[in-house]
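A short worksheet on the structure shown next.
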Amino acid sequence: MQSPLFSQLTDEMARIHPIKWAKPIKSTKFNTPKNSQPKSTKPKNPQPENAEPTNSLKPSGHTFFASHGNRYMRHPWSVIDYHIYLTHIESRRDKIRREQECHLIKNTGFTQVAIHDKPVLDNAISQTNSTVVFVSLPIPDAQNESSTASLVLGFDLKLHRLQAYFFEPKSPIENYEDLWKVWSKGEGQLVIDIPVDRFLAAIRHTMQHQVEILEIGLLHHYGIITRAFQAGLDMVITVQFLQFVDDFAELITKDHEELREAYTPYQDELREVLAAGSRDSWFAVRDGLTIEQYRQKQLKKVVASGLFHGQKMIVLRDEPETIQKDKVSRRVKVVSGHSDRWSWSKLRVRVLVSAMFILCFCSAFDRPRVLCVGMF
């Protein structure tokens, strides 16, 4: 669902350091090194034979969240490109990595759990706090690159409720150890707490009937979130919730395959909307448009499509009408030359011919009377 090309690109951009941009110094000396023996290729710190596999569970402090740096997410219009932002937070986060990021809240910190395992899941549900945290989203701010605000997404395993906690600490939250420092102090603000079935119903209604809601934010429109964010970030949060539902559909319903089949297309459509908005905005910059000119151009498309809204539609019947046997339609006699232009001269000729025919016919019965009539 994510673009590997963009993921690789953003990772490379994140690793670039300004010192590496320095132009190399040209040298005209071609002296060979004193020691021409090839160096050993043996690594300095070789891995032991019983090294930990890549998909094994790691301590909580080793699970790092996406960075807060937004320099390469900024658009030339001084706004955030949320398609690039989504690619950034999903970099290298495949299904195995997303399962490893699930942590359960306990009294002393966050504990990594494999919630696909039945015994582990039953134990987690029996806990006082059955909320599992699965991702932390840095909240980008185009005007303030030093912003440390984050939104932590979770799921209540017992009540089946999607949740989100807003944090604005003094230092960025980079891993679960940093998250526990602010969580244990009660600095988090619960901004989303909704049953998963109600969330999915809002998704289904919006994508099928009122897709224009996405322009102001689905979570904001339905009152799902108590803190207003930009529509792009609103859509990213929605995508992350849908991604969790897709990964852990077995926790929500027994018909998990039907659930994935129904809601995975909506997730793909939201990703395509973000990608299309990013693409169109960058092409607009190439064409020399400002953000206001771009908005006016897009509004014209909305107005054009709105011209067909609210009109009465003619509904054609799919079933043929039944013909009553007692009512037979009359046959229509087709008159040749009916479509010719009407002429008064032709009418006079026809009237005179008809009158002469009548006079000739009557002359056989009353000839004197016919002559008198003919005098006038």
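Following the order of the structure tokens, chains are lettered A, B, ..., residues in each are numbered from 1, and ligands are numbered from 1.
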Near Glu250 in chain A, within 12 Å and counting only C-alpha atoms, which residues show up once chain neighbours fewer than 4 positions away are dropped, as number ranges by chain?
A: 115-118, 121, 157, 160, 244-246, 254-260
Write the residues you've just listed into a file as a CSV table (one decimal), in the first residue's frame, and include N, CA and C atoms for each of them.
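To be explicit, this is the file written out as result-v5.csv:
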```csv
chain,number,residue,atom,x,y,z
A,115,ILE,N,0.0,-9.8,20.0
A,115,ILE,CA,-1.4,-10.0,20.3
A,115,ILE,C,-2.1,-11.0,19.3
A,116,HIS,N,-1.3,-11.5,18.4
A,116,HIS,CA,-1.9,-12.6,17.5
A,116,HIS,C,-1.9,-13.9,18.3
A,117,ASP,N,-1.1,-14.0,19.3
A,117,ASP,CA,-1.1,-15.3,20.1
A,117,ASP,C,-2.3,-15.3,21.1
A,118,LYS,N,-3.0,-16.4,21.1
A,118,LYS,CA,-4.2,-16.4,22.0
A,118,LYS,C,-3.9,-16.3,23.4
A,121,LEU,N,-3.0,-12.7,24.2
A,121,LEU,CA,-4.2,-11.8,24.0
A,121,LEU,C,-5.1,-12.0,25.2
A,157,LEU,N,-8.2,-3.6,23.7
A,157,LEU,CA,-8.4,-5.0,23.3
A,157,LEU,C,-9.7,-5.5,24.0
A,160,HIS,N,-12.8,-2.9,22.4
A,160,HIS,CA,-12.7,-2.7,21.0
A,160,HIS,C,-13.0,-1.3,20.6
A,244,PHE,N,-4.4,-0.7,10.9
A,244,PHE,CA,-4.5,-1.6,12.1
A,244,PHE,C,-5.6,-2.6,12.0
A,245,VAL,N,-6.8,-2.1,11.6
A,245,VAL,CA,-7.9,-3.0,11.4
A,245,VAL,C,-7.6,-4.1,10.4
A,246,ASP,N,-6.8,-3.7,9.3
A,246,ASP,CA,-6.5,-4.7,8.3
A,246,ASP,C,-5.5,-5.7,8.9
A,254,LYS,N,-15.0,-12.5,13.8
A,254,LYS,CA,-14.7,-13.8,13.2
A,254,LYS,C,-14.6,-13.8,11.7
A,255,ASP,N,-15.4,-12.9,11.1
A,255,ASP,CA,-15.4,-12.8,9.6
A,255,ASP,C,-14.4,-11.8,9.2
A,256,HIS,N,-13.1,-12.1,9.6
A,256,HIS,CA,-12.0,-11.2,9.3
A,256,HIS,C,-11.7,-11.0,7.8
A,257,GLU,N,-11.9,-12.1,7.0
A,257,GLU,CA,-11.7,-11.9,5.6
A,257,GLU,C,-12.7,-11.0,4.9
A,258,GLU,N,-13.9,-11.1,5.4
A,258,GLU,CA,-14.9,-10.2,4.8
A,258,GLU,C,-14.7,-8.7,5.2
A,259,LEU,N,-14.2,-8.6,6.5
A,259,LEU,CA,-13.9,-7.2,7.0
A,259,LEU,C,-12.7,-6.6,6.1
A,260,ARG,N,-11.7,-7.4,5.8
A,260,ARG,CA,-10.6,-6.9,5.0
A,260,ARG,C,-11.1,-6.6,3.6
```
Which polymer residues have any atom within 10 Å of an atom of Arg98 in chain A, counting only C-alpha atoms, with same-chain residues fewer than 5 positions away left out, as a ChimeraX atom specification?
/A:90,92-93,134-135,243-244,247
For the selection just defined, write its residues with C-alpha atoms to a file, as an mmCIF file, in the first residue's frame.
```cif
data_model
loop_
_atom_site.group_PDB
_atom_site.id
_atom_site.type_symbol
_atom_site.label_atom_id
_atom_site.label_comp_id
_atom_site.auth_asym_id
_atom_site.auth_seq_id
_atom_site.Cartn_x
_atom_site.Cartn_y
_atom_site.Cartn_z
ATOM 1 C CA GLU A 90 5.611 4.179 7.168
ATOM 2 C CA ARG A 92 10.421 0.258 6.679
ATOM 3 C CA ARG A 93 7.243 -0.549 8.584
ATOM 4 C CA PHE A 134 0.770 0.607 17.972
ATOM 5 C CA VAL A 135 2.228 3.838 16.522
ATOM 6 C CA GLN A 243 -4.162 -0.250 8.557
ATOM 7 C CA PHE A 244 -4.462 -1.566 12.124
ATOM 8 C CA ASP A 247 -3.477 -6.157 10.249
#
```
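Comparing the minimum interatomic distances between Thr108 in chain A and each of A:Gln210, A:Ser91, A:Gln240, A:Ser184, counting only C-alpha atoms, we find that A:Ser184 sits nearest.
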Who sits within 10 Å of Ala66 in chain A, only C-alpha atoms, same chain under 2 positions skipped, as number ranges by chain
A: 64, 68-69, 85, 88-91, 135-138, 173-175
Mind checking DSSP for range 154-307 of chain A and telling me the strand (DSSP E) residues as a VMD selection string?
chain A and resid 154 to 156 161 to 167 189 to 195
Dump as a PDB file, in the first residue's frame, selection limited to N, CA and C atoms:
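Once everything was written out, this is out.pdb:
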```
ATOM      1  N   GLY A 154      -3.773   3.976  19.681  1.00  0.00           N
ATOM      2  CA  GLY A 154      -3.896   2.715  20.400  1.00  0.00           C
ATOM      3  C   GLY A 154      -5.237   2.055  20.162  1.00  0.00           C
ATOM      4  N   PHE A 155      -5.386   0.852  20.736  1.00  0.00           N
ATOM      5  CA  PHE A 155      -6.621   0.077  20.579  1.00  0.00           C
ATOM      6  C   PHE A 155      -6.896  -0.651  21.887  1.00  0.00           C
ATOM      7  N   ASP A 156      -8.111  -0.490  22.396  1.00  0.00           N
ATOM      8  CA  ASP A 156      -8.517  -1.169  23.626  1.00  0.00           C
ATOM      9  C   ASP A 156      -8.968  -2.583  23.265  1.00  0.00           C
ATOM     10  N   ARG A 161     -12.156  -0.391  21.133  1.00  0.00           N
ATOM     11  CA  ARG A 161     -12.261   1.043  20.872  1.00  0.00           C
ATOM     12  C   ARG A 161     -10.918   1.558  20.352  1.00  0.00           C
ATOM     13  N   LEU A 162     -10.986   2.351  19.291  1.00  0.00           N
ATOM     14  CA  LEU A 162      -9.796   3.018  18.765  1.00  0.00           C
ATOM     15  C   LEU A 162      -9.554   4.290  19.572  1.00  0.00           C
ATOM     16  N   GLN A 163      -8.289   4.529  19.923  1.00  0.00           N
ATOM     17  CA  GLN A 163      -7.954   5.653  20.791  1.00  0.00           C
ATOM     18  C   GLN A 163      -6.753   6.410  20.245  1.00  0.00           C
ATOM     19  N   ALA A 164      -6.642   7.666  20.654  1.00  0.00           N
ATOM     20  CA  ALA A 164      -5.489   8.502  20.304  1.00  0.00           C
ATOM     21  C   ALA A 164      -5.217   9.464  21.442  1.00  0.00           C
ATOM     22  N   TYR A 165      -3.926   9.607  21.794  1.00  0.00           N
ATOM     23  CA  TYR A 165      -3.494  10.478  22.890  1.00  0.00           C
ATOM     24  C   TYR A 165      -2.559  11.553  22.334  1.00  0.00           C
ATOM     25  N   PHE A 166      -2.843  12.789  22.711  1.00  0.00           N
ATOM     26  CA  PHE A 166      -2.045  13.923  22.249  1.00  0.00           C
ATOM     27  C   PHE A 166      -1.024  14.293  23.319  1.00  0.00           C
ATOM     28  N   PHE A 167       0.251  14.425  22.901  1.00  0.00           N
ATOM     29  CA  PHE A 167       1.336  14.813  23.803  1.00  0.00           C
ATOM     30  C   PHE A 167       2.075  16.006  23.193  1.00  0.00           C
ATOM     31  N   GLN A 189      -3.350  13.621  26.541  1.00  0.00           N
ATOM     32  CA  GLN A 189      -4.739  14.053  26.438  1.00  0.00           C
ATOM     33  C   GLN A 189      -5.467  13.120  25.474  1.00  0.00           C
ATOM     34  N   LEU A 190      -6.499  12.439  25.957  1.00  0.00           N
ATOM     35  CA  LEU A 190      -7.274  11.517  25.123  1.00  0.00           C
ATOM     36  C   LEU A 190      -8.153  12.327  24.166  1.00  0.00           C
ATOM     37  N   VAL A 191      -7.840  12.263  22.888  1.00  0.00           N
ATOM     38  CA  VAL A 191      -8.565  13.064  21.893  1.00  0.00           C
ATOM     39  C   VAL A 191      -9.442  12.209  20.981  1.00  0.00           C
ATOM     40  N   ILE A 192      -9.216  10.894  20.947  1.00  0.00           N
ATOM     41  CA  ILE A 192     -10.063   9.987  20.165  1.00  0.00           C
ATOM     42  C   ILE A 192     -10.359   8.769  21.029  1.00  0.00           C
ATOM     43  N   ASP A 193     -11.629   8.424  21.122  1.00  0.00           N
ATOM     44  CA  ASP A 193     -12.065   7.230  21.852  1.00  0.00           C
ATOM     45  C   ASP A 193     -13.400   6.801  21.261  1.00  0.00           C
ATOM     46  N   ILE A 194     -13.352   5.905  20.288  1.00  0.00           N
ATOM     47  CA  ILE A 194     -14.545   5.557  19.519  1.00  0.00           C
ATOM     48  C   ILE A 194     -14.594   4.048  19.296  1.00  0.00           C
ATOM     49  N   PRO A 195     -15.782   3.442  19.402  1.00  0.00           N
ATOM     50  CA  PRO A 195     -15.897   2.012  19.065  1.00  0.00           C
ATOM     51  C   PRO A 195     -15.504   1.774  17.610  1.00  0.00           C
TER      52      PRO A 195
END
```
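The two atoms in question, CA of Phe241 in chain A and CA of Gln298 in chain A, are spaced 28.5 Å apart.
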Sel. of helix (DSSP H, G or I) residues, range 91-328 of chain A, as a PyMOL selection string:
chain A and resi 95-100+118-125+176-183+196-209+211-215+218-221+231-247+249-251+256-286+291-306
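Candidate residues A:Ile105, A:Ala114, A:Ala355, A:Ala249 were compared for distance to Ser130 in chain A, and the nearest is A:Ile105, using only C-alpha atoms.
Distance-wise, CA of Glu99 in chain A and CA of Gly186 in chain A end up 26.0 Å apart.
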Hey, can you check how far CA of Met207 in chain A sits from CA of Phe229 in chain A?
20.1 Å
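Proximity to Lys185 in chain A was assessed for A:Gly223, A:Gln267, A:Gly109, A:Leu299 counting only C-alpha atoms; the smallest distance is recorded for A:Gly109.
Remark: for Ala231 in chain A, the closest of the candidate residues A:Tyr294, A:Tyr82, A:Phe308, A:Tyr263 is A:Tyr82 (distances computed over only C-alpha atoms).
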Hey, which of A:Thr148, A:Asn123, A:Ser281, A:Thr264 ends up closest to His83 in chain A? Count only C-alpha atoms.
A:Ser281
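Proximity ranking of A:Val349, A:Val236, A:Ile224, A:Ile291 relative to Val79 in chain A places A:Ile291 first, based on only C-alpha atoms.
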Applying 12 Å and only C-alpha atoms, which residues near Ala284 in chain A remain after dropping the ones on its own chain fewer than 2 positions away? List them as an mmCIF file with all heavy atoms, in the first residue's frame.
```cif
data_model
loop_
_atom_site.group_PDB
_atom_site.id
_atom_site.type_symbol
_atom_site.label_atom_id
_atom_site.label_comp_id
_atom_site.auth_asym_id
_atom_site.auth_seq_id
_atom_site.Cartn_x
_atom_site.Cartn_y
_atom_site.Cartn_z
ATOM 1 N N HIS A 75 6.301 21.646 1.330
ATOM 2 C CA HIS A 75 6.010 21.995 -0.056
ATOM 3 C C HIS A 75 6.520 23.409 -0.314
ATOM 4 O O HIS A 75 6.646 24.211 0.619
ATOM 5 C CB HIS A 75 4.499 21.920 -0.277
ATOM 6 C CG HIS A 75 4.089 21.924 -1.703
ATOM 7 N ND1 HIS A 75 3.851 23.085 -2.394
ATOM 8 C CD2 HIS A 75 3.874 20.913 -2.576
ATOM 9 C CE1 HIS A 75 3.488 22.788 -3.627
ATOM 10 N NE2 HIS A 75 3.500 21.478 -3.767
ATOM 11 N N PRO A 76 6.837 23.758 -1.557
ATOM 12 C CA PRO A 76 7.252 25.138 -1.863
ATOM 13 C C PRO A 76 6.242 26.199 -1.454
ATOM 14 O O PRO A 76 6.608 27.374 -1.331
ATOM 15 C CB PRO A 76 7.447 25.111 -3.383
ATOM 16 C CG PRO A 76 7.812 23.713 -3.691
ATOM 17 C CD PRO A 76 7.037 22.872 -2.722
ATOM 18 N N TRP A 77 4.991 25.813 -1.243
ATOM 19 C CA TRP A 77 3.992 26.769 -0.778
ATOM 20 C C TRP A 77 4.024 26.938 0.745
ATOM 21 O O TRP A 77 3.107 27.525 1.321
ATOM 22 C CB TRP A 77 2.587 26.306 -1.181
ATOM 23 C CG TRP A 77 2.332 26.419 -2.652
ATOM 24 C CD1 TRP A 77 2.918 27.290 -3.523
ATOM 25 C CD2 TRP A 77 1.409 25.636 -3.415
ATOM 26 N NE1 TRP A 77 2.420 27.104 -4.790
ATOM 27 C CE2 TRP A 77 1.489 26.087 -4.754
ATOM 28 C CE3 TRP A 77 0.527 24.607 -3.109
ATOM 29 C CZ2 TRP A 77 0.728 25.535 -5.770
ATOM 30 C CZ3 TRP A 77 -0.239 24.060 -4.124
ATOM 31 C CH2 TRP A 77 -0.140 24.526 -5.432
ATOM 32 N N GLY A 277 -3.325 14.498 -4.590
ATOM 33 C CA GLY A 277 -3.171 15.883 -4.145
ATOM 34 C C GLY A 277 -1.734 16.336 -4.177
ATOM 35 O O GLY A 277 -1.429 17.472 -4.577
ATOM 36 N N SER A 278 -0.825 15.451 -3.773
ATOM 37 C CA SER A 278 0.609 15.788 -3.817
ATOM 38 C C SER A 278 1.076 15.986 -5.252
ATOM 39 O O SER A 278 1.764 16.965 -5.560
ATOM 40 C CB SER A 278 1.407 14.670 -3.139
ATOM 41 O OG SER A 278 2.795 14.887 -3.282
ATOM 42 N N ARG A 279 0.684 15.075 -6.127
ATOM 43 C CA ARG A 279 1.110 15.167 -7.526
ATOM 44 C C ARG A 279 0.602 16.444 -8.187
ATOM 45 O O ARG A 279 1.367 17.171 -8.839
ATOM 46 C CB ARG A 279 0.597 13.940 -8.289
ATOM 47 C CG ARG A 279 1.002 13.925 -9.760
ATOM 48 C CD ARG A 279 0.322 12.801 -10.503
ATOM 49 N NE ARG A 279 -1.129 12.963 -10.542
ATOM 50 C CZ ARG A 279 -1.980 12.156 -9.949
ATOM 51 N NH1 ARG A 279 -1.539 11.121 -9.257
ATOM 52 N NH2 ARG A 279 -3.283 12.376 -10.039
ATOM 53 N N ASP A 280 -0.685 16.750 -8.001
ATOM 54 C CA ASP A 280 -1.259 17.933 -8.632
ATOM 55 C C ASP A 280 -0.626 19.224 -8.105
ATOM 56 O O ASP A 280 -0.413 20.174 -8.869
ATOM 57 C CB ASP A 280 -2.770 17.967 -8.401
ATOM 58 C CG ASP A 280 -3.483 16.831 -9.115
ATOM 59 O OD1 ASP A 280 -2.857 16.198 -9.984
ATOM 60 O OD2 ASP A 280 -4.665 16.580 -8.802
ATOM 61 N N SER A 281 -0.330 19.249 -6.814
ATOM 62 C CA SER A 281 0.245 20.476 -6.248
ATOM 63 C C SER A 281 1.663 20.710 -6.755
ATOM 64 O O SER A 281 2.049 21.854 -7.018
ATOM 65 C CB SER A 281 0.234 20.389 -4.722
ATOM 66 O OG SER A 281 1.071 19.339 -4.265
ATOM 67 N N TRP A 282 2.439 19.638 -6.912
ATOM 68 C CA TRP A 282 3.804 19.812 -7.428
ATOM 69 C C TRP A 282 3.794 20.209 -8.907
ATOM 70 O O TRP A 282 4.629 21.003 -9.352
ATOM 71 C CB TRP A 282 4.607 18.535 -7.223
ATOM 72 C CG TRP A 282 5.080 18.365 -5.806
ATOM 73 C CD1 TRP A 282 4.504 17.615 -4.826
ATOM 74 C CD2 TRP A 282 6.216 19.001 -5.207
ATOM 75 N NE1 TRP A 282 5.210 17.725 -3.661
ATOM 76 C CE2 TRP A 282 6.273 18.561 -3.864
ATOM 77 C CE3 TRP A 282 7.196 19.872 -5.678
ATOM 78 C CZ2 TRP A 282 7.269 18.986 -2.978
ATOM 79 C CZ3 TRP A 282 8.186 20.282 -4.794
ATOM 80 C CH2 TRP A 282 8.213 19.851 -3.474
ATOM 81 N N ARG A 286 5.241 23.640 -10.744
ATOM 82 C CA ARG A 286 5.992 23.636 -12.004
ATOM 83 C C ARG A 286 5.399 24.613 -13.021
ATOM 84 O O ARG A 286 6.125 25.265 -13.782
ATOM 85 C CB ARG A 286 5.997 22.221 -12.590
ATOM 86 C CG ARG A 286 6.819 22.065 -13.859
ATOM 87 C CD ARG A 286 6.399 20.842 -14.640
ATOM 88 N NE ARG A 286 5.021 20.947 -15.101
ATOM 89 C CZ ARG A 286 4.424 20.023 -15.852
ATOM 90 N NH1 ARG A 286 5.078 18.920 -16.193
ATOM 91 N NH2 ARG A 286 3.172 20.180 -16.238
ATOM 92 N N ASP A 287 4.063 24.726 -13.013
ATOM 93 C CA ASP A 287 3.389 25.636 -13.943
ATOM 94 C C ASP A 287 3.377 27.080 -13.452
ATOM 95 O O ASP A 287 2.803 27.945 -14.117
ATOM 96 C CB ASP A 287 1.952 25.173 -14.177
ATOM 97 C CG ASP A 287 1.904 23.800 -14.848
ATOM 98 O OD1 ASP A 287 2.911 23.423 -15.479
ATOM 99 O OD2 ASP A 287 0.871 23.116 -14.719
ATOM 100 N N GLY A 288 3.979 27.346 -12.296
ATOM 101 C CA GLY A 288 4.080 28.709 -11.793
ATOM 102 C C GLY A 288 2.852 29.209 -11.056
ATOM 103 O O GLY A 288 2.690 30.429 -10.894
ATOM 104 N N LEU A 289 1.981 28.315 -10.589
ATOM 105 C CA LEU A 289 0.774 28.743 -9.885
ATOM 106 C C LEU A 289 1.062 28.946 -8.402
ATOM 107 O O LEU A 289 1.876 28.237 -7.816
ATOM 108 C CB LEU A 289 -0.336 27.697 -10.040
ATOM 109 C CG LEU A 289 -0.823 27.379 -11.454
ATOM 110 C CD1 LEU A 289 -1.917 26.328 -11.403
ATOM 111 C CD2 LEU A 289 -1.321 28.632 -12.145
ATOM 112 N N THR A 290 0.379 29.918 -7.813
ATOM 113 C CA THR A 290 0.418 30.089 -6.363
ATOM 114 C C THR A 290 -0.631 29.175 -5.742
ATOM 115 O O THR A 290 -1.454 28.576 -6.445
ATOM 116 C CB THR A 290 0.144 31.537 -5.972
ATOM 117 O OG1 THR A 290 -1.200 31.883 -6.379
ATOM 118 C CG2 THR A 290 1.137 32.479 -6.656
ATOM 119 N N ILE A 291 -0.618 29.084 -4.419
ATOM 120 C CA ILE A 291 -1.568 28.203 -3.763
ATOM 121 C C ILE A 291 -3.002 28.692 -3.953
ATOM 122 O O ILE A 291 -3.928 27.889 -4.099
ATOM 123 C CB ILE A 291 -1.214 28.063 -2.262
ATOM 124 C CG1 ILE A 291 -2.109 27.002 -1.614
ATOM 125 C CG2 ILE A 291 -1.348 29.409 -1.531
ATOM 126 C CD1 ILE A 291 -1.695 26.652 -0.205
ATOM 127 N N GLU A 292 -3.206 30.005 -3.997
ATOM 128 C CA GLU A 292 -4.558 30.534 -4.222
ATOM 129 C C GLU A 292 -5.024 30.248 -5.641
ATOM 130 O O GLU A 292 -6.192 29.909 -5.868
ATOM 131 C CB GLU A 292 -4.587 32.033 -3.928
ATOM 132 C CG GLU A 292 -4.400 32.381 -2.460
ATOM 133 C CD GLU A 292 -5.484 31.779 -1.585
ATOM 134 O OE1 GLU A 292 -6.624 31.612 -2.092
ATOM 135 O OE2 GLU A 292 -5.213 31.468 -0.409
ATOM 136 N N GLN A 293 -4.145 30.402 -6.619
ATOM 137 C CA GLN A 293 -4.507 30.096 -8.001
ATOM 138 C C GLN A 293 -4.828 28.615 -8.167
ATOM 139 O O GLN A 293 -5.750 28.238 -8.898
ATOM 140 C CB GLN A 293 -3.366 30.501 -8.929
ATOM 141 C CG GLN A 293 -3.149 32.006 -9.024
ATOM 142 C CD GLN A 293 -1.891 32.357 -9.802
ATOM 143 O OE1 GLN A 293 -0.953 31.559 -9.910
ATOM 144 N NE2 GLN A 293 -1.843 33.565 -10.340
ATOM 145 N N TYR A 294 -4.078 27.777 -7.462
ATOM 146 C CA TYR A 294 -4.326 26.334 -7.528
ATOM 147 C C TYR A 294 -5.692 25.993 -6.917
ATOM 148 O O TYR A 294 -6.446 25.182 -7.467
ATOM 149 C CB TYR A 294 -3.213 25.593 -6.792
ATOM 150 C CG TYR A 294 -3.475 24.125 -6.601
ATOM 151 C CD1 TYR A 294 -3.388 23.229 -7.662
ATOM 152 C CD2 TYR A 294 -3.812 23.623 -5.342
ATOM 153 C CE1 TYR A 294 -3.625 21.884 -7.483
ATOM 154 C CE2 TYR A 294 -4.057 22.279 -5.156
ATOM 155 C CZ TYR A 294 -3.956 21.408 -6.223
ATOM 156 O OH TYR A 294 -4.194 20.069 -6.038
ATOM 157 N N ARG A 295 -6.022 26.635 -5.790
ATOM 158 C CA ARG A 295 -7.310 26.373 -5.162
ATOM 159 C C ARG A 295 -8.467 26.814 -6.064
ATOM 160 O O ARG A 295 -9.493 26.131 -6.166
ATOM 161 C CB ARG A 295 -7.386 27.089 -3.817
ATOM 162 C CG ARG A 295 -6.522 26.445 -2.735
ATOM 163 C CD ARG A 295 -6.481 27.282 -1.487
ATOM 164 N NE ARG A 295 -5.686 26.660 -0.427
ATOM 165 C CZ ARG A 295 -5.331 27.259 0.693
ATOM 166 N NH1 ARG A 295 -5.703 28.522 0.905
ATOM 167 N NH2 ARG A 295 -4.607 26.626 1.604
ATOM 168 N N GLN A 296 -8.320 27.961 -6.715
ATOM 169 C CA GLN A 296 -9.360 28.427 -7.624
ATOM 170 C C GLN A 296 -9.529 27.469 -8.798
ATOM 171 O O GLN A 296 -10.654 27.197 -9.248
ATOM 172 C CB GLN A 296 -9.020 29.830 -8.137
ATOM 173 C CG GLN A 296 -9.115 30.912 -7.080
ATOM 174 C CD GLN A 296 -10.524 31.057 -6.520
ATOM 175 O OE1 GLN A 296 -11.512 30.974 -7.247
ATOM 176 N NE2 GLN A 296 -10.618 31.264 -5.210
ATOM 177 N N LYS A 297 -8.421 26.925 -9.270
ATOM 178 C CA LYS A 297 -8.485 25.967 -10.372
ATOM 179 C C LYS A 297 -9.206 24.700 -9.955
ATOM 180 O O LYS A 297 -10.026 24.152 -10.708
ATOM 181 C CB LYS A 297 -7.062 25.635 -10.838
ATOM 182 C CG LYS A 297 -6.995 24.665 -12.006
ATOM 183 C CD LYS A 297 -5.560 24.400 -12.411
ATOM 184 C CE LYS A 297 -5.496 23.396 -13.550
ATOM 185 N NZ LYS A 297 -4.077 23.111 -13.937
ATOM 186 N N GLN A 298 -8.935 24.222 -8.747
ATOM 187 C CA GLN A 298 -9.600 23.021 -8.261
ATOM 188 C C GLN A 298 -11.074 23.286 -7.957
ATOM 189 O O GLN A 298 -11.913 22.406 -8.164
ATOM 190 C CB GLN A 298 -8.893 22.514 -7.005
ATOM 191 C CG GLN A 298 -7.446 22.074 -7.228
ATOM 192 C CD GLN A 298 -7.338 20.966 -8.244
ATOM 193 O OE1 GLN A 298 -6.900 21.183 -9.374
ATOM 194 N NE2 GLN A 298 -7.739 19.776 -7.872
#
```
